[in-house]
Number of protein chains: 2
Amino acid sequence: MTPTITAFESSPDRGQGLARDMRVRWALEEAGQPYEVRLVSFSAMKEPAHRAIHPFGQIPTYEEGDLALFESGAIVLHIAEHHAGLLPKDANARARAIAWMFAAVSTVEAPILDLQTAKFLEGDKPWSEQRLPLVKDRIRKRLGELSDRLGDADWLDGAFSAGDLMMVHALLRLKPSGMLDEYPSLAAYAARGEARPAFKRAFAAQLAVFTGQHPTG
Amino acid sequence: MTPTITAFESSPDRGQGLARDMRVRWALEEAGQPYEVRLVSFSAMKEPAHRAIHPFGQIPTYEEGDLALFESGAIVLHIAEHHAGLLPKDANARARAIAWMFAAVSTVEAPILDLQTAKFLEGDKPWSEQRLPLVKDRIRKRLGELSDRLGDADWLDGAFSAGDLMMVHALLRLKPSGMLDEYPSLAAYAARGEARPAFKRAFAAQLAVFTGQHPTG
């Protein structure tokens, strides 16, 4: 059964691939699972029909037969559990990959989203300029720790996993700020993610929503 | 094999049960799984020995034979996957319970932690008083949506699950602020969690670290 995901009809990033549907698209491409996309407007996202699937009125969602899911981490984990290639077979390695998924959305992405809040929701406030360095330093703390752990490895724990997929995408949200380049090993790690053929297909598909061009012509 | 978790040697909340080891203790009690606790000081948490288990220098961690895990969500999911009672058997209901686990740590807990940051890390800043209402309104948005979804149900999706466990504990972190009481159905939901015998045992165990008294004498 072909799953249907939701994505922004009109993206705040104009196709830079920073929205969370990108993770789900990427996971589906890694898994070789075709999917349908339903685009939703900002106003439709807040309507009861969408909230029945996503209680917090966001994207992405994932529908497959009787199953309706929200939260990109949960959707990627669901895909990873039902297809090969995104989670190690060894039970302990699998549990550690899932730990990196949770680390991506809570420990690493949360301070990154604070930067977006500071810029877009509080950018006009009198404290904005003075406060921004504090927000950035909290991100740097996490990036330094992540960089230390990664060391000179290609991926966080052995082969590429759903943990890397979630972490790379959380890091990519920093791209517009230029902060990722302060940590060359993390910039290279994110670039390795972007270089994967599945990432490229997913990126082209989300970009096509905004250019109106189908990625493969 | 008895797992070992880590917790604060000296808790910032003096035994109110707001630290994240509480979730892991609670899950282990729901599962009927005995466990050991290793207390770590704030300075030891930042040392290489602890960072080898937790890259971000936090608690809790979970060690069981060759497995070492971090991130409370991943640890609770690991426990839930290996014991009955924390995840539904039905595959779709199981996936939805995991979605609530991710929602708890990212969508709901993240703005709640912003309030702690605003109070404890930025409480002395000139913008603190002016900014606090914005931080609180972002929490209220999520609480309103969560309350709408919960309705008059006891738990978020059928029977009590690891999703409720994670969500109730995220909400409890709001207790000191009084904000939870603005949403009576969520306050009652959290109280249902606190009333569970497994919660009470976990709470007594974490409190005993600070009072020096064993919970059952």
# chains A, B, ... in the order shown; residues from 1 in each chain; ligands from 1
$ select_by_dssp --residues "chain B" --states "helix (DSSP H, G or I)" --output "PyMOL selection string"
chain B and resi 21-31+42-45+48-51+72-82+91-121+128-150+162-172+175-177+179-182+184-194+197-211
$ residues_around --residues "Ser106 in chain A" --least-positions-apart "3" --cutoff "10 Å" --atoms "only C-alpha atoms" --output "list in words"
Trp100, Met101, Phe102, Ala103, Glu109, Ala110, Pro111, Ile112 and Ala170 of chain A; Glu71, Gly73, Phe102, Ala103, Ala104, Val105, Ser106, Thr107, Glu109 and Ala110 of chain B
$ residues_around --residues "range 8-13 of chain A" --least-positions-apart "3" --cutoff "10 Å" --atoms "only C-alpha atoms" --output "number ranges by chain"
A: 16-21, 37-42, 44-45, 58-60, 176, 206-207, 209-210
$ interface_residues --of "chain A" --to "chain B" --cutoff "8 Å" --atoms "only C-alpha atoms" --output "list in words"
Pro55, Phe56, Asp66, Leu67, Ala68, Leu69, Phe70, Glu71, Gly73, Ala74, Ile75, His78, Asn92, Ala95, Arg96, Ile98, Ala99, Phe102, Ala103, Val105, Ser106, Ala110, Trp127, Arg142, Glu145, Leu146 and Arg149 of chain A
$ write_last_selection --atoms "C-alpha atoms" --output "PDB file, in the first residue's frame"
ATOM      1  CA  PRO A  55      -2.994  17.170  16.924  1.00  0.00           C
ATOM      2  CA  PHE A  56      -0.498  20.077  16.805  1.00  0.00           C
ATOM      3  CA  ASP A  66      -5.790   2.509   8.740  1.00  0.00           C
ATOM      4  CA  LEU A  67      -2.629   4.008  10.197  1.00  0.00           C
ATOM      5  CA  ALA A  68      -2.208   7.762  10.645  1.00  0.00           C
ATOM      6  CA  LEU A  69       1.004   9.015  12.229  1.00  0.00           C
ATOM      7  CA  PHE A  70       2.531  12.371  13.115  1.00  0.00           C
ATOM      8  CA  GLU A  71       5.990  13.405  14.423  1.00  0.00           C
ATOM      9  CA  GLY A  73      10.850  10.874  14.321  1.00  0.00           C
ATOM     10  CA  ALA A  74       8.018   8.406  14.805  1.00  0.00           C
ATOM     11  CA  ILE A  75       7.309   8.272  11.075  1.00  0.00           C
ATOM     12  CA  HIS A  78       8.016   3.316  11.483  1.00  0.00           C
ATOM     13  CA  ASN A  92      22.011  -3.286  20.727  1.00  0.00           C
ATOM     14  CA  ALA A  95      18.688   0.584  20.248  1.00  0.00           C
ATOM     15  CA  ARG A  96      21.651   2.964  19.936  1.00  0.00           C
ATOM     16  CA  ILE A  98      17.104   4.965  18.026  1.00  0.00           C
ATOM     17  CA  ALA A  99      18.889   6.876  20.819  1.00  0.00           C
ATOM     18  CA  PHE A 102      15.732  10.952  19.976  1.00  0.00           C
ATOM     19  CA  ALA A 103      18.944  12.958  20.472  1.00  0.00           C
ATOM     20  CA  VAL A 105      14.866  15.846  17.792  1.00  0.00           C
ATOM     21  CA  SER A 106      15.269  16.770  21.447  1.00  0.00           C
ATOM     22  CA  ALA A 110      15.554  22.011  20.235  1.00  0.00           C
ATOM     23  CA  TRP A 127      16.285  42.283  23.289  1.00  0.00           C
ATOM     24  CA  ARG A 142      25.682  20.812  21.550  1.00  0.00           C
ATOM     25  CA  GLU A 145      29.720  17.667  21.991  1.00  0.00           C
ATOM     26  CA  LEU A 146      28.350  16.081  18.831  1.00  0.00           C
ATOM     27  CA  ARG A 149      31.548  12.121  19.625  1.00  0.00           C
TER      28      ARG A 149
END
$ atom_distance --atom1 "CA of Met166 in chain B" --atom2 "CA of Ala190 in chain B"
10.6 Å
$ select_by_dssp --residues "range 8-182 of chain A" --states "strand (DSSP E or B)" --output "ChimeraX atom specification"
/A:8,36-40,61-64,67-70
$ closest_residue --among "A:Leu172, A:Met179, A:Phe160, A:His50" --to "Ala191 in chain A" --atoms "only C-alpha atoms"
A:Leu172
$ atom_distance --atom1 "CA of Glu29 in chain A" --atom2 "CA of Ala198 in chain A"
4.9 Å
$ atom_distance --atom1 "CA of Glu47 in chain B" --atom2 "CA of Leu174 in chain A"
27.6 Å
$ closest_residue --among "B:Val168, B:Ala84, B:Pro184, B:Ser177" --to "Trp155 in chain B" --atoms "only C-alpha atoms"
B:Val168
